[in-house]
>>> print(open('my_file-v3.pdb').read())   # PDB, C-alpha atoms
ATOM      1  CA  LEU A   1     -13.851 -99.283  59.662  1.00  0.00           C
ATOM      2  CA  ALA A   2     -13.674-103.049  60.169  1.00  0.00           C
ATOM      3  CA  ASP A   3     -16.302-103.537  57.463  1.00  0.00           C
ATOM      4  CA  TYR A   4     -14.348-101.386  54.989  1.00  0.00           C
ATOM      5  CA  ASN A   5     -11.117-103.204  55.804  1.00  0.00           C
ATOM      6  CA  ASN A   6     -12.812-106.574  55.325  1.00  0.00           C
ATOM      7  CA  ALA A   7     -14.327-105.473  52.020  1.00  0.00           C
ATOM      8  CA  LEU A   8     -10.951-104.226  50.780  1.00  0.00           C
ATOM      9  CA  ALA A   9      -9.349-107.527  51.743  1.00  0.00           C
ATOM     10  CA  ILE A  10     -11.721-109.123  49.234  1.00  0.00           C
ATOM     11  CA  THR A  11     -11.666-106.363  46.570  1.00  0.00           C
ATOM     12  CA  PRO A  12      -8.514-104.309  47.219  1.00  0.00           C
ATOM     13  CA  ASN A  13      -8.989-101.956  44.263  1.00  0.00           C
ATOM     14  CA  ALA A  14     -12.610-100.952  44.905  1.00  0.00           C
ATOM     15  CA  VAL A  15     -12.316 -97.173  44.628  1.00  0.00           C
ATOM     16  CA  THR A  16     -15.703 -96.466  46.236  1.00  0.00           C
ATOM     17  CA  ILE A  17     -14.799 -98.475  49.328  1.00  0.00           C
ATOM     18  CA  ILE A  18     -11.362 -96.854  49.575  1.00  0.00           C
ATOM     19  CA  ARG A  19     -13.006 -93.403  49.298  1.00  0.00           C
ATOM     20  CA  ASN A  20     -15.556 -94.236  51.981  1.00  0.00           C
ATOM     21  CA  ARG A  21     -12.792 -95.463  54.270  1.00  0.00           C
ATOM     22  CA  ALA A  22     -10.730 -92.321  53.588  1.00  0.00           C
ATOM     23  CA  LEU A  23     -13.680 -90.094  54.502  1.00  0.00           C
ATOM     24  CA  LEU A  24     -14.204 -92.160  57.655  1.00  0.00           C
ATOM     25  CA  TYR A  25     -10.526 -91.712  58.517  1.00  0.00           C
ATOM     26  CA  ILE A  26     -11.002 -87.934  58.213  1.00  0.00           C
ATOM     27  CA  ASP A  27     -13.949 -88.125  60.616  1.00  0.00           C
ATOM     28  CA  MET A  28     -11.725 -90.143  62.982  1.00  0.00           C
ATOM     29  CA  ASP A  29      -8.850 -87.595  62.675  1.00  0.00           C
ATOM     30  CA  SER A  30      -6.665 -90.292  61.104  1.00  0.00           C
ATOM     31  CA  THR A  31      -5.554 -87.870  58.424  1.00  0.00           C
ATOM     32  CA  ILE A  32      -2.357 -89.703  57.455  1.00  0.00           C
ATOM     33  CA  ARG A  33      -4.356 -92.845  56.678  1.00  0.00           C
ATOM     34  CA  ALA A  34      -6.909 -90.775  54.763  1.00  0.00           C
ATOM     35  CA  TYR A  35      -4.092 -89.156  52.777  1.00  0.00           C
ATOM     36  CA  ASP A  36      -2.699 -92.593  51.909  1.00  0.00           C
ATOM     37  CA  ASP A  37      -6.126 -93.819  50.805  1.00  0.00           C
ATOM     38  CA  PHE A  38      -6.685 -90.811  48.526  1.00  0.00           C
ATOM     39  CA  GLU A  39      -3.216 -91.355  47.083  1.00  0.00           C
ATOM     40  CA  ARG A  40      -4.177 -94.957  46.420  1.00  0.00           C
ATOM     41  CA  ILE A  41      -7.329 -93.841  44.601  1.00  0.00           C
ATOM     42  CA  MET A  42      -5.251 -91.472  42.472  1.00  0.00           C
ATOM     43  CA  ARG A  43      -3.018 -94.360  41.433  1.00  0.00           C
ATOM     44  CA  LEU A  44      -6.046 -96.498  40.555  1.00  0.00           C
ATOM     45  CA  ASP A  45      -7.982 -93.766  38.747  1.00  0.00           C
ATOM     46  CA  ALA A  46      -5.993 -90.744  37.557  1.00  0.00           C
ATOM     47  CA  SER A  47      -9.239 -89.027  36.511  1.00  0.00           C
ATOM     48  CA  ASP A  48     -10.720 -88.959  40.036  1.00  0.00           C
ATOM     49  CA  LEU A  49     -10.870 -85.223  40.773  1.00  0.00           C
ATOM     50  CA  ASP A  50     -12.404 -85.569  44.237  1.00  0.00           C
ATOM     51  CA  ALA A  51      -9.506 -87.740  45.382  1.00  0.00           C
ATOM     52  CA  LYS A  52      -7.019 -85.160  44.076  1.00  0.00           C
ATOM     53  CA  TYR A  53      -8.869 -82.350  45.865  1.00  0.00           C
ATOM     54  CA  PHE A  54      -8.992 -84.174  49.208  1.00  0.00           C
ATOM     55  CA  HIS A  55      -5.375 -85.268  48.804  1.00  0.00           C
ATOM     56  CA  GLY A  56      -4.461 -81.612  48.222  1.00  0.00           C
ATOM     57  CA  MET A  57      -6.380 -80.385  51.251  1.00  0.00           C
ATOM     58  CA  LEU A  58      -4.753 -82.991  53.476  1.00  0.00           C
ATOM     59  CA  ALA A  59      -1.357 -82.102  51.989  1.00  0.00           C
ATOM     60  CA  LEU A  60      -1.985 -78.498  53.043  1.00  0.00           C
ATOM     61  CA  GLY A  61      -2.625 -79.682  56.578  1.00  0.00           C
ATOM     62  CA  PHE A  62       0.699 -81.506  56.574  1.00  0.00           C
ATOM     63  CA  GLY A  63       2.548 -78.465  55.224  1.00  0.00           C
ATOM     64  CA  LYS A  64       3.178 -80.179  51.877  1.00  0.00           C
ATOM     65  CA  PHE A  65       2.444 -77.039  49.901  1.00  0.00           C
ATOM     66  CA  GLU A  66       4.025 -78.130  46.618  1.00  0.00           C
ATOM     67  CA  GLN A  67       2.012 -81.358  46.648  1.00  0.00           C
ATOM     68  CA  ALA A  68      -1.177 -79.442  47.425  1.00  0.00           C
ATOM     69  CA  GLN A  69      -0.509 -77.067  44.543  1.00  0.00           C
ATOM     70  CA  THR A  70       0.134 -79.985  42.198  1.00  0.00           C
ATOM     71  CA  ASP A  71      -3.134 -81.642  43.238  1.00  0.00           C
ATOM     72  CA  PHE A  72      -5.234 -78.484  42.888  1.00  0.00           C
ATOM     73  CA  GLU A  73      -3.670 -77.603  39.528  1.00  0.00           C
ATOM     74  CA  ALA A  74      -4.390 -81.127  38.271  1.00  0.00           C
ATOM     75  CA  VAL A  75      -8.052 -80.692  39.196  1.00  0.00           C
ATOM     76  CA  LEU A  76      -8.222 -77.274  37.513  1.00  0.00           C
ATOM     77  CA  THR A  77      -6.529 -78.598  34.386  1.00  0.00           C
ATOM     78  CA  ALA A  78      -9.315 -81.169  34.072  1.00  0.00           C
ATOM     79  CA  ASP A  79     -12.081 -78.794  35.220  1.00  0.00           C
ATOM     80  CA  LYS A  80     -11.142 -75.109  35.132  1.00  0.00           C
ATOM     81  CA  ASN A  81     -14.345 -74.132  36.958  1.00  0.00           C
ATOM     82  CA  ASN A  82     -13.944 -76.530  39.898  1.00  0.00           C
ATOM     83  CA  LEU A  83     -14.814 -74.423  42.943  1.00  0.00           C
ATOM     84  CA  ASP A  84     -13.326 -76.872  45.449  1.00  0.00           C
ATOM     85  CA  ALA A  85      -9.920 -76.629  43.796  1.00  0.00           C
ATOM     86  CA  LYS A  86     -10.186 -72.838  43.480  1.00  0.00           C
ATOM     87  CA  ARG A  87     -10.917 -72.624  47.201  1.00  0.00           C
ATOM     88  CA  GLY A  88      -7.934 -74.888  47.819  1.00  0.00           C
ATOM     89  CA  VAL A  89      -5.624 -72.663  45.772  1.00  0.00           C
ATOM     90  CA  ALA A  90      -6.993 -69.559  47.508  1.00  0.00           C
ATOM     91  CA  LEU A  91      -6.267 -71.158  50.884  1.00  0.00           C
ATOM     92  CA  LEU A  92      -2.759 -72.003  49.706  1.00  0.00           C
ATOM     93  CA  TYR A  93      -2.237 -68.365  48.694  1.00  0.00           C
ATOM     94  CA  LYS A  94      -3.525 -67.247  52.098  1.00  0.00           C
ATOM     95  CA  ILE A  95      -1.216 -69.620  53.982  1.00  0.00           C
ATOM     96  CA  ARG A  96       1.746 -68.380  51.943  1.00  0.00           C
ATOM     97  CA  GLY A  97       0.840 -64.758  52.687  1.00  0.00           C
ATOM     98  CA  ASP A  98      -0.038 -63.982  49.072  1.00  0.00           C
ATOM     99  CA  PHE A  99      -3.150 -62.086  50.112  1.00  0.00           C
ATOM    100  CA  PRO A 100      -3.853 -60.190  46.846  1.00  0.00           C
ATOM    101  CA  ASN A 101      -4.054 -63.433  44.857  1.00  0.00           C
ATOM    102  CA  ALA A 102      -6.075 -65.086  47.621  1.00  0.00           C
ATOM    103  CA  ILE A 103      -8.536 -62.173  47.622  1.00  0.00           C
ATOM    104  CA  ALA A 104      -8.881 -62.327  43.829  1.00  0.00           C
ATOM    105  CA  LEU A 105      -9.564 -66.054  43.872  1.00  0.00           C
ATOM    106  CA  TYR A 106     -11.997 -65.902  46.802  1.00  0.00           C
ATOM    107  CA  SER A 107     -13.810 -63.100  44.947  1.00  0.00           C
ATOM    108  CA  GLU A 108     -14.125 -65.346  41.899  1.00  0.00           C
ATOM    109  CA  VAL A 109     -15.448 -68.209  44.032  1.00  0.00           C
ATOM    110  CA  ILE A 110     -17.938 -65.949  45.824  1.00  0.00           C
ATOM    111  CA  LYS A 111     -19.530 -65.019  42.486  1.00  0.00           C
ATOM    112  CA  HIS A 112     -20.608 -68.655  42.144  1.00  0.00           C
ATOM    113  CA  GLU A 113     -20.885 -69.841  45.738  1.00  0.00           C
ATOM    114  CA  ASN A 114     -22.574 -67.910  48.519  1.00  0.00           C
ATOM    115  CA  ARG A 115     -20.875 -69.716  51.405  1.00  0.00           C
ATOM    116  CA  GLN A 116     -19.971 -68.213  54.768  1.00  0.00           C
ATOM    117  CA  SER A 117     -16.491 -69.737  54.850  1.00  0.00           C
ATOM    118  CA  ASN A 118     -15.631 -67.902  51.615  1.00  0.00           C
ATOM    119  CA  TYR A 119     -16.534 -64.536  53.107  1.00  0.00           C
ATOM    120  CA  LEU A 120     -14.676 -65.290  56.344  1.00  0.00           C
ATOM    121  CA  SER A 121     -11.569 -66.362  54.451  1.00  0.00           C
ATOM    122  CA  ARG A 122     -11.598 -63.283  52.242  1.00  0.00           C
ATOM    123  CA  ALA A 123     -12.240 -61.071  55.273  1.00  0.00           C
ATOM    124  CA  GLU A 124      -9.166 -62.588  56.918  1.00  0.00           C
ATOM    125  CA  CYS A 125      -7.112 -61.627  53.857  1.00  0.00           C
ATOM    126  CA  TYR A 126      -8.558 -58.118  53.851  1.00  0.00           C
ATOM    127  CA  LEU A 127      -7.722 -57.810  57.534  1.00  0.00           C
ATOM    128  CA  ALA A 128      -4.143 -58.939  56.894  1.00  0.00           C
ATOM    129  CA  THR A 129      -3.764 -56.200  54.276  1.00  0.00           C
ATOM    130  CA  ASP A 130      -5.417 -53.447  56.375  1.00  0.00           C
ATOM    131  CA  GLN A 131      -8.450 -53.241  54.093  1.00  0.00           C
ATOM    132  CA  PHE A 132     -10.826 -52.754  56.998  1.00  0.00           C
ATOM    133  CA  PRO A 133     -13.964 -51.549  55.146  1.00  0.00           C
ATOM    134  CA  GLU A 134     -13.759 -54.558  52.814  1.00  0.00           C
ATOM    135  CA  ALA A 135     -13.235 -56.921  55.752  1.00  0.00           C
ATOM    136  CA  SER A 136     -16.215 -55.401  57.532  1.00  0.00           C
ATOM    137  CA  ALA A 137     -18.428 -55.798  54.448  1.00  0.00           C
ATOM    138  CA  ASP A 138     -17.494 -59.477  54.176  1.00  0.00           C
ATOM    139  CA  LEU A 139     -18.282 -60.035  57.847  1.00  0.00           C
ATOM    140  CA  VAL A 140     -21.724 -58.488  57.314  1.00  0.00           C
ATOM    141  CA  GLU A 141     -22.354 -60.973  54.489  1.00  0.00           C
ATOM    142  CA  ALA A 142     -21.008 -63.845  56.581  1.00  0.00           C
ATOM    143  CA  GLN A 143     -23.307 -62.933  59.462  1.00  0.00           C
ATOM    144  CA  LYS A 144     -26.349 -63.101  57.181  1.00  0.00           C
ATOM    145  CA  LEU A 145     -25.486 -66.724  56.353  1.00  0.00           C
ATOM    146  CA  ASP A 146     -24.827 -68.017  59.871  1.00  0.00           C
ATOM    147  CA  PRO A 147     -25.041 -65.566  62.772  1.00  0.00           C
ATOM    148  CA  ALA A 148     -24.185 -68.266  65.340  1.00  0.00           C
ATOM    149  CA  ASN A 149     -20.747 -69.207  64.018  1.00  0.00           C
ATOM    150  CA  PRO A 150     -18.087 -68.469  66.667  1.00  0.00           C
ATOM    151  CA  ASP A 151     -15.449 -67.888  63.961  1.00  0.00           C
ATOM    152  CA  LEU A 152     -17.481 -64.919  62.749  1.00  0.00           C
ATOM    153  CA  TYR A 153     -17.181 -63.236  66.145  1.00  0.00           C
ATOM    154  CA  VAL A 154     -13.493 -64.054  66.426  1.00  0.00           C
ATOM    155  CA  MET A 155     -12.994 -62.214  63.135  1.00  0.00           C
ATOM    156  CA  LYS A 156     -15.188 -59.335  64.293  1.00  0.00           C
ATOM    157  CA  ALA A 157     -13.120 -59.106  67.470  1.00  0.00           C
ATOM    158  CA  SER A 158      -9.906 -59.066  65.427  1.00  0.00           C
ATOM    159  CA  LEU A 159     -11.224 -56.317  63.173  1.00  0.00           C
ATOM    160  CA  ALA A 160     -12.401 -54.207  66.112  1.00  0.00           C
ATOM    161  CA  ASP A 161      -9.063 -54.717  67.853  1.00  0.00           C
ATOM    162  CA  ARG A 162      -7.144 -53.577  64.763  1.00  0.00           C
ATOM    163  CA  GLN A 163      -9.344 -50.475  64.658  1.00  0.00           C
ATOM    164  CA  TYR A 164      -8.613 -49.709  68.345  1.00  0.00           C
ATOM    165  CA  ARG A 165     -12.236 -50.415  69.297  1.00  0.00           C
ATOM    166  CA  TYR A 166     -11.199 -52.447  72.321  1.00  0.00           C
ATOM    167  CA  ASP A 167     -14.606 -52.543  74.021  1.00  0.00           C
ATOM    168  CA  ASP A 168     -16.176 -53.919  70.841  1.00  0.00           C
ATOM    169  CA  ALA A 169     -13.355 -56.445  70.483  1.00  0.00           C
ATOM    170  CA  GLU A 170     -13.977 -57.678  74.022  1.00  0.00           C
ATOM    171  CA  ARG A 171     -17.716 -57.874  73.404  1.00  0.00           C
ATOM    172  CA  PHE A 172     -17.247 -59.882  70.189  1.00  0.00           C
ATOM    173  CA  ALA A 173     -14.721 -62.186  71.867  1.00  0.00           C
ATOM    174  CA  THR A 174     -17.188 -62.790  74.694  1.00  0.00           C
ATOM    175  CA  GLU A 175     -19.851 -63.745  72.142  1.00  0.00           C
ATOM    176  CA  ALA A 176     -17.412 -66.055  70.334  1.00  0.00           C
ATOM    177  CA  ILE A 177     -16.692 -67.855  73.611  1.00  0.00           C
ATOM    178  CA  ARG A 178     -20.403 -68.110  74.391  1.00  0.00           C
ATOM    179  CA  LEU A 179     -20.858 -69.799  71.007  1.00  0.00           C
ATOM    180  CA  GLY A 180     -18.083 -72.297  71.650  1.00  0.00           C
ATOM    181  CA  ALA A 181     -14.763 -70.668  70.715  1.00  0.00           C
ATOM    182  CA  ASP A 182     -11.702 -71.510  72.810  1.00  0.00           C
ATOM    183  CA  SER A 183     -11.438 -68.883  75.545  1.00  0.00           C
ATOM    184  CA  GLU A 184      -7.682 -69.378  75.973  1.00  0.00           C
ATOM    185  CA  SER A 185      -6.987 -68.343  72.384  1.00  0.00           C
ATOM    186  CA  LEU A 186      -9.064 -65.170  72.836  1.00  0.00           C
ATOM    187  CA  LYS A 187      -7.759 -63.979  76.196  1.00  0.00           C
ATOM    188  CA  HIS A 188      -5.634 -61.257  74.562  1.00  0.00           C
ATOM    189  CA  PHE A 189      -8.858 -59.405  73.759  1.00  0.00           C
ATOM    190  CA  PHE A 190      -9.522 -58.985  77.490  1.00  0.00           C
ATOM    191  CA  ARG A 191      -6.265 -57.303  78.470  1.00  0.00           C
ATOM    192  CA  LYS A 192      -6.414 -53.886  80.045  1.00  0.00           C
ATOM    193  CA  ARG A 193      -5.939 -51.471  77.189  1.00  0.00           C
ATOM    194  CA  PRO A 194      -5.358 -47.718  77.006  1.00  0.00           C
ATOM    195  CA  LYS A 195      -8.519 -45.738  76.373  1.00  0.00           C
TER     196      LYS A 195
END
>>> encode(input="my_file-v3.pdb", output="structure tokens")
Amino acid sequence: LADYNNALAITPNAVTIIRNRALLYIDMDSTIRAYDDFERIMRLDASDLDAKYFHGMLALGFGKFEQAQTDFEAVLTADKNNLDAKRGVALLYKIRGDFPNAIALYSEVIKHENRQSNYLSRAECYLATDQFPEASADLVEAQKLDPANPDLYVMKASLADRQYRYDDAERFATEAIRLGADSESLKHFFRKRPK
């Protein structure tokens, strides 16, 4: 960080150095500083799509939904096939509870990008709309890509719980914890339930 700051003191408009510092800030959980750096890049180079995407994702984290939408739409205007921006818009739909549009967009992304996070995100939307067979199918695909991801088992526990398969939900939650998930957030799966 000191090296980047020193370099920017000499060349304050060096976009590559600002980007590297912004990414370092993300790694350091200094998201406000990262957001400011990506905003600075956008002012210096309006055509920088990566900066707009990261700015949008950070805006989502801050609850600045309109800004995030503006950033993602700007990326898609310049590159209508940009998968990062499509994922960003899908996440925005999901956060806003617009699950049908989120599902449609995740489905479009999945055609071009076989990534576990896409299947997990779409499964979450299916689960929210009581489309249990579709959620289950996505979790099967997600498991093929990374069977040791604790988020996968959290989702499997949620699906089992919604289907009144409480023993399965507890078993999946136990596996999620074994793989590193926060046990406190999963304790509701271990309550005594009617059989």
>>> atom_distance(input="my_file-v3.pdb", atom1="CA of Asn81 in chain A", atom2="CA of Gly97 in chain A")
23.8 Å
>>> resolve_selection(input="my_file-v3.pdb", expression="the PyMOL selection byres ((chain A and resi 139-142) around 7)", output="PyMOL selection string")
chain A and resi 116+119-120+123+135-138+143-146+152
>>> closest_atom_pairs(input="my_file-v3.pdb", of="range 59-174 of chain A", to="range 35-51 of chain A", cutoff="10 Å", atoms="only C-alpha atoms", output="Markdown table")
| residue | atom | partner | partner_atom | distance |
| --- | --- | --- | --- | --- |
| A:Ala59 | CA | A:Tyr35 | CA | 7.6 |
| A:Phe62 | CA | A:Tyr35 | CA | 9.8 |
| A:Asp71 | CA | A:Leu49 | CA | 8.9 |
| A:Phe72 | CA | A:Leu49 | CA | 9.0 |
| A:Ala74 | CA | A:Leu49 | CA | 8.1 |
| A:Val75 | CA | A:Leu49 | CA | 5.6 |
| A:Leu76 | CA | A:Leu49 | CA | 9.0 |
| A:Ala78 | CA | A:Leu49 | CA | 8.0 |
| A:Asp79 | CA | A:Leu49 | CA | 8.6 |
| A:Asn82 | CA | A:Leu49 | CA | 9.3 |
| A:Asp84 | CA | A:Asp50 | CA | 8.8 |
| A:Ala85 | CA | A:Leu49 | CA | 9.2 |
>>> closest_residue(input="my_file-v3.pdb", among="A:Ile95, A:Met155, A:Ile18, A:Ile110", to="Phe65 in chain A", atoms="all atoms listed in the file")
A:Ile95
>>> residues_near_point(input="my_file-v3.pdb", point="(-16.8, -63.3, 74.3)", cutoff="9 Å", atoms="all atoms listed in the file", output="MDAnalysis selection string")
chainID A and resid 153:154 157 169:179 181 183 186 189
>>> resolve_selection(input="my_file-v3.pdb", expression="the PyMOL selection byres ((chain A and resi 1) around 9)", output="PyMOL selection string")
chain A and resi 2-6+21+24-25
>>> closest_residue(input="my_file-v3.pdb", among="A:Phe54, A:Ile17, A:Ala102, A:Gly180", to="Asn149 in chain A", atoms="only C-alpha atoms")
A:Gly180
>>> atom_distance(input="my_file-v3.pdb", atom1="CA of Lys94 in chain A", atom2="CA of Ser121 in chain A")
8.4 Å
>>> atom_distance(input="my_file-v3.pdb", atom1="CA of Lys80 in chain A", atom2="CA of Leu105 in chain A")
12.7 Å
>>> residues_around(input="my_file-v3.pdb", residues="Leu58 in chain A", least_positions_apart="5", cutoff="9 Å", atoms="only C-alpha atoms", output="ChimeraX atom specification")
/A:31-32,34-35,53,63-64,68
>>> axis_aligned_box(input="my_file-v3.pdb", around="range 39-57 of chain A", padding_each_side="3 Å", output="JSON")
{"center_x": -7.7, "center_y": -88.4, "center_z": 43.9, "size_x": 15.4, "size_y": 22.1, "size_z": 20.7}
>>> closest_residue(input="my_file-v3.pdb", among="A:Asn118, A:Gln67, A:Asn13, A:Asn101", to="Arg87 in chain A", atoms="all atoms listed in the file")
A:Asn118
>>> closest_residue(input="my_file-v3.pdb", among="A:His55, A:Leu91, A:Leu127, A:Glu184", to="Ala22 in chain A", atoms="all atoms listed in the file")
A:His55
>>> closest_residue(input="my_file-v3.pdb", among="A:Gly88, A:Ser30, A:Gln163, A:Leu83", to="Gly56 in chain A", atoms="all atoms listed in the file")
A:Gly88
>>> closest_residue(input="my_file-v3.pdb", among="A:Asp182, A:Arg96, A:Tyr126, A:His188", to="Leu159 in chain A", atoms="only C-alpha atoms")
A:Tyr126
